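**Student:** Handing over structure_25.txt, compact mmCIF, C-alpha atoms and all ligand atoms.
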# COMPACT_ATOMS: atom_id res chain seq x y z
CA MET E 1 -30.72 -1.26 -51.80
CA HIS E 2 -30.09 0.23 -48.35
CA LYS E 3 -26.66 1.81 -48.12
CA PHE E 4 -25.68 -0.60 -45.34
CA LEU E 5 -26.62 -3.70 -47.39
CA ALA E 6 -24.55 -2.37 -50.29
CA LYS E 7 -21.66 -1.92 -47.85
CA CYS E 8 -22.04 -5.56 -46.70
CA ASP E 9 -21.89 -6.76 -50.33
CA GLU E 10 -18.83 -4.67 -51.05
CA ALA E 11 -16.94 -5.70 -47.90
CA LEU E 12 -17.72 -9.40 -48.36
CA ALA E 13 -16.60 -9.29 -52.01
CA ASP E 14 -13.38 -7.66 -50.84
CA ILE E 15 -12.76 -10.28 -48.15
CA THR E 16 -13.47 -13.06 -50.64
CA ALA E 17 -11.12 -11.55 -53.26
CA GLN E 18 -8.34 -11.50 -50.65
CA GLY E 19 -8.93 -15.21 -49.92
CA ARG E 20 -10.00 -14.35 -46.35
CA TYR E 21 -13.66 -15.33 -46.53
CA ARG E 22 -14.24 -17.57 -43.51
CA ARG E 23 -16.09 -20.81 -44.06
CA PHE E 24 -16.87 -22.64 -40.84
CA VAL E 25 -16.56 -26.38 -41.10
CA ALA E 26 -19.37 -27.93 -39.01
CA LEU E 27 -17.50 -30.53 -36.97
CA GLU E 28 -19.31 -32.85 -34.58
CA LYS E 29 -16.93 -33.82 -31.79
CA LEU E 30 -17.05 -37.57 -31.12
CA ALA E 31 -16.72 -37.65 -27.34
CA ASP E 32 -15.73 -41.33 -27.25
CA ARG E 33 -13.25 -41.01 -30.13
CA PHE E 34 -11.67 -37.57 -29.67
CA PRO E 35 -9.74 -36.13 -31.58
CA TYR E 36 -11.99 -37.58 -34.29
CA TYR E 37 -14.99 -35.52 -35.40
CA ARG E 38 -17.83 -36.30 -37.83
CA VAL E 39 -18.22 -33.96 -40.77
CA THR E 40 -20.55 -33.82 -43.75
CA MET E 41 -19.03 -32.07 -46.74
CA GLU E 42 -20.01 -32.08 -50.38
CA GLY E 43 -22.64 -34.74 -49.67
CA ARG E 44 -20.21 -37.11 -47.92
CA THR E 45 -20.17 -37.89 -44.19
CA GLN E 46 -16.86 -39.04 -42.72
CA ASN E 47 -14.90 -39.08 -39.48
CA ILE E 48 -11.94 -36.76 -39.64
CA LEU E 49 -8.89 -36.38 -37.42
CA VAL E 50 -8.72 -32.84 -36.00
CA TRP E 51 -5.32 -31.24 -35.29
CA SER E 52 -6.46 -27.77 -34.25
CA SER E 53 -8.64 -28.10 -31.19
CA ASN E 54 -7.94 -25.82 -28.24
CA ASP E 55 -9.25 -28.60 -26.02
CA TYR E 56 -5.51 -29.12 -25.60
CA LEU E 57 -5.63 -31.89 -23.00
CA ALA E 58 -8.84 -33.60 -24.19
CA MET E 59 -10.57 -32.64 -20.92
CA GLY E 60 -13.79 -31.73 -22.74
CA THR E 61 -14.32 -35.42 -23.44
CA ASP E 62 -12.94 -36.77 -20.16
CA PRO E 63 -15.51 -39.18 -18.66
CA GLU E 64 -15.27 -37.64 -15.16
CA VAL E 65 -15.75 -34.13 -16.54
CA ILE E 66 -18.75 -35.22 -18.62
CA ALA E 67 -20.23 -37.04 -15.59
CA ALA E 68 -19.87 -33.88 -13.45
CA SER E 69 -21.72 -31.89 -16.11
CA VAL E 70 -24.54 -34.46 -16.41
CA ASP E 71 -24.90 -34.71 -12.64
CA ALA E 72 -25.08 -30.91 -12.25
CA ALA E 73 -27.63 -30.65 -15.08
CA GLN E 74 -29.82 -33.24 -13.39
CA ARG E 75 -29.56 -31.54 -10.00
CA MET E 76 -29.59 -27.86 -11.02
CA GLY E 77 -30.92 -27.73 -14.57
CA ALA E 78 -29.43 -26.62 -17.86
CA GLY E 79 -28.99 -22.90 -17.28
CA ALA E 80 -28.27 -20.56 -14.36
CA GLY E 81 -31.51 -18.67 -14.89
CA GLY E 82 -30.14 -15.30 -13.85
CA THR E 83 -27.19 -13.01 -13.41
CA ARG E 84 -24.92 -13.68 -10.41
CA ASN E 85 -27.01 -11.09 -8.54
CA ILE E 86 -30.39 -12.49 -9.59
CA ALA E 87 -30.49 -16.14 -8.50
CA GLY E 88 -27.60 -17.16 -10.79
CA SER E 89 -24.93 -17.66 -8.11
CA SER E 90 -24.91 -21.34 -7.12
CA PRO E 91 -22.62 -23.17 -4.67
CA VAL E 92 -20.66 -24.55 -7.65
CA HIS E 93 -19.94 -21.02 -8.89
CA VAL E 94 -18.56 -20.16 -5.45
CA ALA E 95 -16.56 -23.40 -5.27
CA LEU E 96 -15.08 -22.81 -8.73
CA GLU E 97 -13.98 -19.29 -7.80
CA GLU E 98 -12.30 -20.65 -4.66
CA GLU E 99 -10.57 -23.36 -6.71
CA LEU E 100 -9.30 -20.80 -9.24
CA ALA E 101 -8.00 -18.45 -6.55
CA ASP E 102 -6.12 -21.43 -5.06
CA LEU E 103 -4.79 -22.49 -8.49
CA HIS E 104 -3.08 -19.12 -8.93
CA GLY E 105 -2.24 -18.52 -5.27
CA LYS E 106 -4.44 -15.41 -5.14
CA ASP E 107 -6.98 -14.03 -2.64
CA ALA E 108 -9.97 -14.30 -4.93
CA ALA E 109 -11.30 -15.16 -8.40
CA LEU E 110 -14.18 -13.85 -10.47
CA LEU E 111 -15.98 -15.81 -13.20
CA PHE E 112 -17.10 -14.32 -16.53
CA THR E 113 -19.08 -15.82 -19.39
CA SER E 114 -15.94 -16.20 -21.52
CA GLY E 115 -12.24 -15.44 -21.52
CA TYR E 116 -12.98 -12.71 -24.04
CA VAL E 117 -15.50 -11.05 -21.75
CA SER E 118 -13.20 -11.38 -18.74
CA ASN E 119 -10.49 -9.36 -20.52
CA GLN E 120 -12.80 -6.78 -22.02
CA ALA E 121 -14.86 -6.23 -18.87
CA SER E 122 -11.96 -6.26 -16.39
CA LEU E 123 -9.61 -4.00 -18.33
CA GLY E 124 -12.46 -1.58 -19.07
CA ALA E 125 -13.39 -1.45 -15.37
CA ILE E 126 -9.80 -1.01 -14.18
CA LEU E 127 -8.99 1.71 -16.68
CA ASN E 128 -12.16 3.70 -16.05
CA ALA E 129 -11.41 3.82 -12.32
CA LEU E 130 -8.79 6.59 -12.67
CA PRO E 131 -8.45 9.50 -15.12
CA ASP E 132 -4.74 9.23 -15.86
CA TRP E 133 -3.77 5.58 -16.49
CA GLN E 134 -0.71 4.88 -18.62
CA VAL E 135 -1.16 1.45 -20.25
CA PHE E 136 1.65 -0.60 -21.78
CA SER E 137 0.29 -3.28 -24.08
CA ASP E 138 2.24 -5.98 -25.96
CA ALA E 139 1.92 -5.56 -29.75
CA LYS E 140 0.59 -9.10 -30.12
CA ASN E 141 -2.05 -8.94 -27.41
CA HIS E 142 -5.35 -10.67 -28.14
CA ASN E 143 -8.26 -8.64 -29.47
CA SER E 144 -10.16 -9.03 -26.17
CA MET E 145 -7.46 -7.08 -24.34
CA ILE E 146 -7.18 -4.47 -27.08
CA VAL E 147 -10.93 -3.86 -26.93
CA GLY E 148 -10.87 -3.77 -23.10
CA ILE E 149 -8.06 -1.22 -23.17
CA LYS E 150 -9.95 0.89 -25.73
CA ASP E 151 -12.93 0.85 -23.38
CA GLY E 152 -10.78 2.80 -20.91
CA ARG E 153 -11.89 6.23 -22.01
CA HIS E 154 -9.04 8.33 -20.64
CA ALA E 155 -6.09 5.91 -20.62
CA ALA E 156 -2.94 6.79 -22.57
CA VAL E 157 -1.97 3.62 -24.43
CA HIS E 158 1.59 2.66 -25.37
CA ILE E 159 2.18 -0.43 -27.52
CA PHE E 160 5.52 -2.13 -26.85
CA LYS E 161 7.22 -4.40 -29.36
CA HIS E 162 6.25 -8.02 -28.83
CA ASN E 163 8.08 -9.55 -25.83
CA ASP E 164 10.67 -6.75 -26.08
CA LEU E 165 11.85 -5.69 -22.61
CA ALA E 166 14.02 -2.85 -23.90
CA ASP E 167 11.11 -1.31 -25.78
CA LEU E 168 8.83 -1.72 -22.76
CA GLU E 169 11.39 -0.01 -20.52
CA ARG E 170 11.91 2.80 -23.05
CA LEU E 171 8.18 3.56 -22.89
CA LEU E 172 7.93 3.19 -19.09
CA ALA E 173 10.86 5.52 -18.57
CA VAL E 174 9.28 8.45 -20.43
CA ALA E 175 5.77 8.11 -18.96
CA PRO E 176 4.86 10.57 -16.17
CA ALA E 177 6.52 9.17 -13.04
CA ASP E 178 3.53 9.62 -10.75
CA ALA E 179 0.81 8.38 -13.17
CA PRO E 180 -0.77 4.96 -12.45
CA LYS E 181 0.70 2.37 -14.83
CA LEU E 182 -0.52 -1.02 -16.05
CA ILE E 183 1.41 -3.53 -18.16
CA VAL E 184 -0.89 -5.84 -20.14
CA PHE E 185 0.47 -9.01 -21.74
CA GLU E 186 0.01 -12.74 -22.37
CA SER E 187 2.11 -15.70 -21.29
CA VAL E 188 1.78 -18.07 -24.28
CA TYR E 189 1.02 -16.29 -27.57
CA SER E 190 -1.20 -18.74 -29.33
CA MET E 191 -0.49 -17.98 -32.97
CA ASP E 192 3.33 -18.00 -32.76
CA GLY E 193 3.69 -20.28 -29.76
CA ASP E 194 6.25 -18.09 -28.01
CA ILE E 195 6.30 -17.22 -24.30
CA ALA E 196 6.65 -13.92 -22.43
CA PRO E 197 9.50 -13.25 -19.97
CA ILE E 198 7.04 -12.79 -17.09
CA GLY E 199 9.63 -12.43 -14.31
CA ALA E 200 11.59 -9.78 -16.21
CA ILE E 201 8.37 -7.87 -16.98
CA CYS E 202 7.56 -7.96 -13.25
CA ASP E 203 11.05 -6.57 -12.55
CA LEU E 204 10.25 -3.60 -14.81
CA ALA E 205 6.85 -3.26 -13.18
CA ASP E 206 8.57 -3.03 -9.77
CA LYS E 207 11.14 -0.54 -11.05
CA TYR E 208 8.49 1.78 -12.52
CA ASN E 209 5.77 1.13 -9.94
CA ALA E 210 3.39 -0.46 -12.47
CA LEU E 211 0.66 -3.05 -11.96
CA THR E 212 0.55 -6.13 -14.23
CA TYR E 213 -2.32 -7.87 -16.05
CA LEU E 214 -1.41 -11.27 -17.48
CA ASP E 215 -3.54 -13.36 -19.87
CA GLU E 216 -2.73 -17.06 -19.28
CA VAL E 217 -5.52 -18.34 -21.55
CA HIS E 218 -3.21 -20.60 -23.57
CA ALA E 219 -1.25 -21.80 -20.54
CA VAL E 220 -3.66 -22.62 -17.71
CA GLY E 221 -4.07 -26.34 -17.10
CA MET E 222 -0.86 -27.07 -19.01
CA TYR E 223 2.06 -25.15 -17.51
CA GLY E 224 3.28 -25.16 -13.90
CA GLY E 225 3.20 -27.94 -11.34
CA HIS E 226 -0.59 -27.74 -10.97
CA GLY E 227 -1.67 -26.12 -14.24
CA GLY E 228 -1.44 -22.59 -12.85
CA GLY E 229 0.18 -21.43 -16.09
CA VAL E 230 3.61 -20.11 -17.03
CA SER E 231 3.54 -17.77 -14.01
CA GLU E 232 3.35 -20.87 -11.80
CA ARG E 233 6.05 -22.65 -13.83
CA ASP E 234 8.35 -19.64 -13.46
CA GLY E 235 7.54 -19.14 -9.76
CA VAL E 236 6.31 -15.56 -10.33
CA ALA E 237 2.50 -15.82 -9.97
CA HIS E 238 2.66 -13.86 -6.68
CA ARG E 239 4.31 -10.96 -8.51
CA VAL E 240 1.53 -10.54 -11.10
CA THR E 241 -1.34 -8.26 -10.04
CA ILE E 242 -4.11 -9.94 -12.06
CA ILE E 243 -3.94 -13.34 -13.76
CA GLU E 244 -6.67 -13.98 -16.31
CA GLY E 245 -7.59 -17.35 -17.78
CA THR E 246 -10.18 -19.38 -19.61
CA LEU E 247 -12.08 -22.55 -18.80
CA ALA E 248 -12.59 -23.17 -22.52
CA LYS E 249 -9.21 -24.43 -23.68
CA ALA E 250 -7.10 -26.85 -21.63
CA PHE E 251 -9.90 -27.21 -19.06
CA GLY E 252 -12.18 -28.27 -21.92
CA CYS E 253 -15.32 -26.38 -20.80
CA HIS E 254 -16.41 -22.77 -21.14
CA GLY E 255 -16.07 -19.45 -19.35
CA GLY E 256 -13.36 -17.02 -18.28
CA TYR E 257 -11.99 -15.60 -15.05
CA ILE E 258 -9.61 -13.25 -13.35
CA THR E 259 -7.74 -13.84 -10.10
CA GLY E 260 -6.05 -11.33 -7.83
CA ASP E 261 -6.35 -9.19 -4.75
CA PHE E 262 -9.75 -9.41 -3.04
CA LYS E 263 -10.31 -5.64 -3.03
CA VAL E 264 -9.51 -5.27 -6.74
CA LEU E 265 -11.85 -8.10 -7.70
CA ASP E 266 -14.56 -6.84 -5.38
CA TYR E 267 -14.34 -3.49 -7.19
CA ILE E 268 -14.50 -5.08 -10.67
CA ARG E 269 -17.43 -7.27 -9.54
CA SER E 270 -19.24 -4.15 -8.41
CA VAL E 271 -18.73 -1.94 -11.48
CA ALA E 272 -17.99 -4.02 -14.64
CA PRO E 273 -21.08 -4.14 -16.90
CA GLY E 274 -19.75 -7.30 -18.60
CA PHE E 275 -19.91 -9.05 -15.23
CA ILE E 276 -23.07 -7.50 -13.82
CA PHE E 277 -25.52 -7.51 -16.71
CA THR E 278 -25.30 -11.03 -18.09
CA THR E 279 -26.58 -14.44 -17.07
CA ALA E 280 -24.16 -16.51 -14.97
CA LEU E 281 -22.42 -19.52 -16.53
CA PRO E 282 -24.62 -22.65 -16.60
CA PRO E 283 -24.12 -24.87 -13.50
CA PRO E 284 -23.27 -27.98 -15.63
CA THR E 285 -20.43 -26.05 -17.27
CA VAL E 286 -19.21 -24.74 -13.92
CA ALA E 287 -19.31 -28.20 -12.32
CA ALA E 288 -17.46 -29.69 -15.29
CA ALA E 289 -14.78 -26.99 -15.11
CA LEU E 290 -14.34 -27.52 -11.37
CA THR E 291 -13.79 -31.25 -11.92
CA SER E 292 -11.42 -30.60 -14.81
CA ILE E 293 -9.26 -28.19 -12.78
CA ARG E 294 -9.10 -30.61 -9.85
CA ILE E 295 -8.05 -33.47 -12.13
CA LEU E 296 -5.39 -31.38 -13.84
CA LYS E 297 -3.97 -30.05 -10.58
CA ALA E 298 -2.85 -33.62 -9.87
CA ASP E 299 -2.43 -35.18 -13.34
CA HIS E 300 1.18 -34.40 -14.14
CA ALA E 301 1.42 -37.28 -16.64
CA ARG E 302 -1.23 -35.77 -18.92
CA ARG E 303 0.66 -32.47 -18.98
CA ALA E 304 3.95 -34.23 -19.72
CA LEU E 305 2.34 -36.12 -22.58
CA LEU E 306 1.16 -32.86 -24.17
CA PHE E 307 4.70 -31.47 -24.32
CA ASN E 308 6.05 -34.78 -25.54
CA ARG E 309 3.50 -34.79 -28.40
CA ALA E 310 4.28 -31.21 -29.40
CA GLN E 311 8.03 -31.90 -29.40
CA THR E 312 7.55 -35.04 -31.46
CA LEU E 313 5.42 -33.29 -34.09
CA LYS E 314 7.86 -30.38 -34.36
CA ALA E 315 10.74 -32.83 -34.85
CA LYS E 316 8.80 -34.80 -37.46
CA PHE E 317 7.86 -31.63 -39.39
CA GLU E 318 11.49 -30.48 -39.33
CA ALA E 319 12.86 -33.84 -40.44
CA ALA E 320 10.32 -33.92 -43.27
CA GLY E 321 11.41 -30.52 -44.60
CA LEU E 322 8.09 -28.85 -43.73
CA PRO E 323 8.13 -25.10 -42.88
CA VAL E 324 7.52 -25.45 -39.14
CA MET E 325 7.86 -22.15 -37.26
CA PRO E 326 10.02 -21.96 -34.13
CA SER E 327 7.82 -22.34 -31.04
CA GLU E 328 8.77 -22.89 -27.40
CA SER E 329 5.28 -23.96 -26.40
CA HIS E 330 2.79 -26.75 -27.08
CA ILE E 331 1.64 -24.94 -30.26
CA VAL E 332 3.04 -26.04 -33.62
CA PRO E 333 2.52 -23.48 -36.41
CA LEU E 334 3.39 -24.28 -40.04
CA MET E 335 4.12 -21.23 -42.19
CA ILE E 336 2.19 -21.02 -45.47
CA GLY E 337 2.52 -17.27 -46.16
CA ASN E 338 -0.59 -16.76 -48.26
CA ALA E 339 -4.26 -16.68 -47.26
CA ALA E 340 -5.69 -18.50 -50.27
CA LYS E 341 -3.02 -21.19 -50.08
CA ALA E 342 -3.55 -21.73 -46.33
CA THR E 343 -7.25 -22.25 -46.95
CA GLU E 344 -6.56 -24.53 -49.91
CA VAL E 345 -4.09 -26.70 -47.96
CA SER E 346 -6.62 -27.02 -45.14
CA MET E 347 -9.38 -28.05 -47.57
CA ARG E 348 -7.14 -30.59 -49.32
CA LEU E 349 -6.20 -32.11 -45.97
CA ILE E 350 -9.88 -32.79 -45.32
CA ARG E 351 -10.87 -33.89 -48.82
CA GLU E 352 -7.87 -36.07 -49.61
CA PHE E 353 -6.69 -37.24 -46.19
CA GLY E 354 -9.59 -36.93 -43.74
CA MET E 355 -7.70 -34.55 -41.44
CA TYR E 356 -8.39 -31.00 -40.35
CA ALA E 357 -6.07 -28.13 -39.40
CA THR E 358 -7.34 -24.57 -39.13
CA PRO E 359 -5.95 -22.00 -41.58
CA ILE E 360 -5.01 -18.84 -39.67
CA ASN E 361 -5.38 -15.76 -41.82
CA TYR E 362 -5.39 -11.97 -41.43
CA PRO E 363 -6.55 -10.28 -39.18
CA THR E 364 -5.65 -13.01 -36.66
CA VAL E 365 -2.05 -12.89 -37.97
CA ALA E 366 -0.28 -10.34 -40.19
CA ALA E 367 -0.88 -10.65 -43.96
CA GLY E 368 1.92 -12.71 -45.54
CA THR E 369 2.34 -14.84 -42.39
CA GLU E 370 -0.74 -17.02 -42.89
CA ARG E 371 -0.27 -20.46 -41.40
CA LEU E 372 -1.79 -23.72 -40.35
CA ARG E 373 -1.86 -24.23 -36.59
CA PHE E 374 -1.44 -27.69 -35.07
CA THR E 375 -2.12 -28.47 -31.43
CA PRO E 376 -1.30 -32.15 -30.92
CA GLY E 377 -2.58 -33.47 -27.60
CA PRO E 378 -2.35 -36.58 -25.44
CA LYS E 379 -4.68 -38.48 -27.80
CA HIS E 380 -2.70 -37.84 -31.00
CA THR E 381 -0.52 -40.90 -31.58
CA GLU E 382 2.77 -41.09 -33.43
CA ALA E 383 1.08 -43.10 -36.19
CA MET E 384 -1.39 -40.23 -36.66
CA MET E 385 1.53 -37.80 -36.86
CA ASP E 386 3.25 -39.90 -39.51
CA GLU E 387 0.08 -39.86 -41.60
CA LEU E 388 -0.17 -36.11 -41.20
CA VAL E 389 3.45 -35.56 -42.22
CA ALA E 390 3.03 -37.72 -45.34
CA ALA E 391 -0.15 -35.81 -46.27
CA LEU E 392 1.55 -32.42 -45.86
CA GLN E 393 4.60 -33.55 -47.79
CA HIS E 394 2.27 -34.54 -50.61
CA ILE E 395 0.31 -31.26 -50.58
CA LEU E 396 3.17 -28.83 -49.91
CA LEU E 397 6.24 -30.55 -51.33
CA GLY E 398 4.68 -32.65 -54.11
CA HIS E 399 5.82 -35.99 -52.68
CA SER E 400 3.88 -39.03 -53.86
CA VAL E 401 1.52 -40.45 -51.27
CA LYS E 402 2.88 -43.45 -49.40
CA ALA E 403 0.88 -46.64 -49.27
CA GLY E 404 -1.23 -46.78 -46.10
CA VAL E 405 -1.95 -43.05 -46.04
CA LYS E 406 -5.60 -42.45 -46.71
N1 LIG K 1 -7.18 -14.38 -24.63
C1 LIG K 1 -6.49 -15.00 -25.60
C2 LIG K 1 -5.02 -14.79 -25.67
C3 LIG K 1 -7.14 -15.82 -26.53
O1 LIG K 1 -6.45 -16.41 -27.51
C4 LIG K 1 -8.54 -16.00 -26.42
C5 LIG K 1 -9.28 -16.88 -27.37
O2 LIG K 1 -8.78 -17.60 -28.15
C6 LIG K 1 -9.22 -15.34 -25.40
C7 LIG K 1 -8.52 -14.55 -24.51
C8 LIG K 1 -10.69 -15.51 -25.24
O3 LIG K 1 -10.95 -16.67 -24.50
P1 LIG K 1 -12.35 -17.42 -24.67
O4 LIG K 1 -12.22 -18.29 -25.87
O5 LIG K 1 -12.54 -18.16 -23.40
O6 LIG K 1 -13.38 -16.35 -24.88
Go through the file and emit its structure as C-alpha cells.
Ligand code: PLP
**Tutor:**
Amino acid sequence: MHKFLAKCDEALADITAQGRYRRFVALEKLADRFPYYRVTMEGRTQNILVWSSNDYLAMGTDPEVIAASVDAAQRMGAGAGGTRNIAGSSPVHVALEEELADLHGKDAALLFTSGYVSNQASLGAILNALPDWQVFSDAKNHNSMIVGIKDGRHAAVHIFKHNDLADLERLLAVAPADAPKLIVFESVYSMDGDIAPIGAICDLADKYNALTYLDEVHAVGMYGGHGGGVSERDGVAHRVTIIEGTLAKAFGCHGGYITGDFKVLDYIRSVAPGFIFTTALPPPTVAAALTSIRILKADHARRALLFNRAQTLKAKFEAAGLPVMPSESHIVPLMIGNAAKATEVSMRLIREFGMYATPINYPTVAAGTERLRFTPGPKHTEAMMDELVAALQHILLGHSVKAGVK
C-alpha cells in the first residue's frame, strides 16, 4: 500500500476511535415546508424538523428570493461563465456590491465565492502588502481568518484571549509602536453565541493606531436596524476598517464579501488570487441575494421574531433542566461534553423523534465542550419547541416520553 493510503487509514481509524468521524446526513430542504427536510436513513424516508440550519431567517426559501433566482437563471443562465475579469461581471454583481456597501455604510464592497474565501483571500492580500504587519487575532476566530492570516508570509501574529480587552491591550502595548497593526475578530461567535465588544475594540484600535477587520458572518441580516450586523446595532460600523460578511446564512443564498474604503478594496481586487482566479458567483445566486438583502433591510418584524424564538427556546431549555449554555445571541448551544455522546444524541433525535440538530465536535470546538447547536428561526413554532424539549428530556434526562410526542 502507498504510504499516503496507509496514513489515510490510520488517521481515519483514529478519528473514528475518538468519536469524531463525520457522517453527513443527506437532507433535502423542502422549500414549501421549511424547516422540514426529507431524509432517507436506514431504508426509511421521512420528513424531519431541522433545528440547525444557518438559513437563520428562512430567506433561502422565501418566495420572492426564489423568484429572483429563477428569473435571473432564465435571463442570464445558470452560471457566470467566467471570472469577474473574463465576462463574469454582470449588472447584478455590480448592483449587489452597491447594495452591500450601502448596507454597511462603506464606500465599496467586493464579492467572493464564499465567506470562507473572502476572509482567506482578503487577509492574505492585506498582510502581504507590507513586510512588518503586527496582527492581533481573537483566540476563537474562524478557521478562514486563521488561514488568511497564515497566508501573510511576514506578519507577526499575536492571539488575544477571546473577547478579552485587557489581553488585547497588553499585546498592543508591547508591539513596535510604528509597525502597521491589524485587529481581526468576529461579532457573533457562532459556536458559543457570544458577541464581541466592537466599540471598545475600536477604542483600542484608535489608541494604538491599528486597523480593524470584523467578520459579521453570523450577524448580517439579523442585527442592526437594517441587518448591517452588530456593528450597525452598536452604531460603530463607520469605525471598523473592513466589515466582512456572507450571503449564505441569514441572507439564505451563497457567497461572501468585504466592505470598506474604496482604495483598500480596489487594491485587494487587483492582487488577491482568491478573487482574481475563480469564476464569479452565478447570476441567479447574486440576484437572489440582492432581493434577500433588500427585503431584510426593511423587514424588522422578521428580525424581531428570530430573537423572540431564540429567547423562548433558551427559556424552555432552562425551565426543563437541560444544559443550555449562556448565549447573548440568536444561537442556542446545549452542552453535551463528549463527542460520541453528542453524535449519539443527534442520531437518537432523528431516529426516535424525527428532528435534527447538528453535533458540534472537535476541532470546531475544544474537546470536552462538544455540544448540540440549535438555531430556531421565524418558522419554528412554540409547539415544535415543546416537542423538542420533551425529546431532549427523554434522551438526556431519562424522562418518559409524553403522549403526543412522536
Ligand atoms: N466566518 C465565520 C465566522 C463562519 O462561521 C463561517 C462559516 O460558517 C465563515 C466565515 C465562512 O462563510 P461561508 O459559509 O460563506 O463560506
**Student:** How many Å separate atom CA of E:Thr40 from atom CA of E:Pro363?
**Tutor:**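 Between atom CA of E:Thr40 and atom CA of E:Pro363 the gap works out to 27.8 Å.
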**Student:** Determine, counting all atoms listed in the file, which protein, DNA and RNA residues have an atom within 8 Å of an atom of E:Leu96; residues of the same chain fewer than 4 positions away are not included. Present the result as a PDB file with C-alpha atoms, in the coordinates of the input.
**Tutor:**
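File written: part37.pdb
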ATOM      1  CA  VAL E  92     -20.660 -24.550  -7.650  1.00  0.00           C
ATOM      2  CA  LEU E 100      -9.300 -20.800  -9.240  1.00  0.00           C
ATOM      3  CA  VAL E 286     -19.210 -24.740 -13.920  1.00  0.00           C
ATOM      4  CA  ALA E 287     -19.310 -28.200 -12.320  1.00  0.00           C
ATOM      5  CA  ALA E 289     -14.780 -26.990 -15.110  1.00  0.00           C
ATOM      6  CA  LEU E 290     -14.340 -27.520 -11.370  1.00  0.00           C
TER       7      LEU E 290
END
**Student:** Mind pulling up the distance from atom CA of E:Thr364 to atom CA of E:Glu352?
**Tutor:**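 Computing it gives 26.5 Å between the two atoms.
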**Student:** To one decimal place in Å, what is the distance between atom CA of E:Arg302 and atom CA of E:Pro376?
**Tutor:** 12.5 Å
**Student:** As a quick test: using all atoms listed in the file, which residues lie no more than 7 Å away from ligand LIG 1 (chain K)? Give them as a list in words.
**Tutor:**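 After applying the 7 Å limit, what remains is Ser114, Gly115, Tyr116, Val117, Asn119, Asn141, His142, Ser144, Glu186, Tyr189, Ser190, Asp215, Val217, His218, Thr246, Leu247, Ala248, His254, Gly255 and Gly256 of chain E.
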**Student:** May I have the selected residues written with C-alpha atoms, as a PDB file, in the coordinates of the input?
**Tutor:**
ATOM      1  CA  SER E 114     -15.940 -16.200 -21.520  1.00  0.00           C
ATOM      2  CA  GLY E 115     -12.240 -15.440 -21.520  1.00  0.00           C
ATOM      3  CA  TYR E 116     -12.980 -12.710 -24.040  1.00  0.00           C
ATOM      4  CA  VAL E 117     -15.500 -11.050 -21.750  1.00  0.00           C
ATOM      5  CA  ASN E 119     -10.490  -9.360 -20.520  1.00  0.00           C
ATOM      6  CA  ASN E 141      -2.050  -8.940 -27.410  1.00  0.00           C
ATOM      7  CA  HIS E 142      -5.350 -10.670 -28.140  1.00  0.00           C
ATOM      8  CA  SER E 144     -10.160  -9.030 -26.170  1.00  0.00           C
ATOM      9  CA  GLU E 186       0.010 -12.740 -22.370  1.00  0.00           C
ATOM     10  CA  TYR E 189       1.020 -16.290 -27.570  1.00  0.00           C
ATOM     11  CA  SER E 190      -1.200 -18.740 -29.330  1.00  0.00           C
ATOM     12  CA  ASP E 215      -3.540 -13.360 -19.870  1.00  0.00           C
ATOM     13  CA  VAL E 217      -5.520 -18.340 -21.550  1.00  0.00           C
ATOM     14  CA  HIS E 218      -3.210 -20.600 -23.570  1.00  0.00           C
ATOM     15  CA  THR E 246     -10.180 -19.380 -19.610  1.00  0.00           C
ATOM     16  CA  LEU E 247     -12.080 -22.550 -18.800  1.00  0.00           C
ATOM     17  CA  ALA E 248     -12.590 -23.170 -22.520  1.00  0.00           C
ATOM     18  CA  HIS E 254     -16.410 -22.770 -21.140  1.00  0.00           C
ATOM     19  CA  GLY E 255     -16.070 -19.450 -19.350  1.00  0.00           C
ATOM     20  CA  GLY E 256     -13.360 -17.020 -18.280  1.00  0.00           C
TER      21      GLY E 256
END
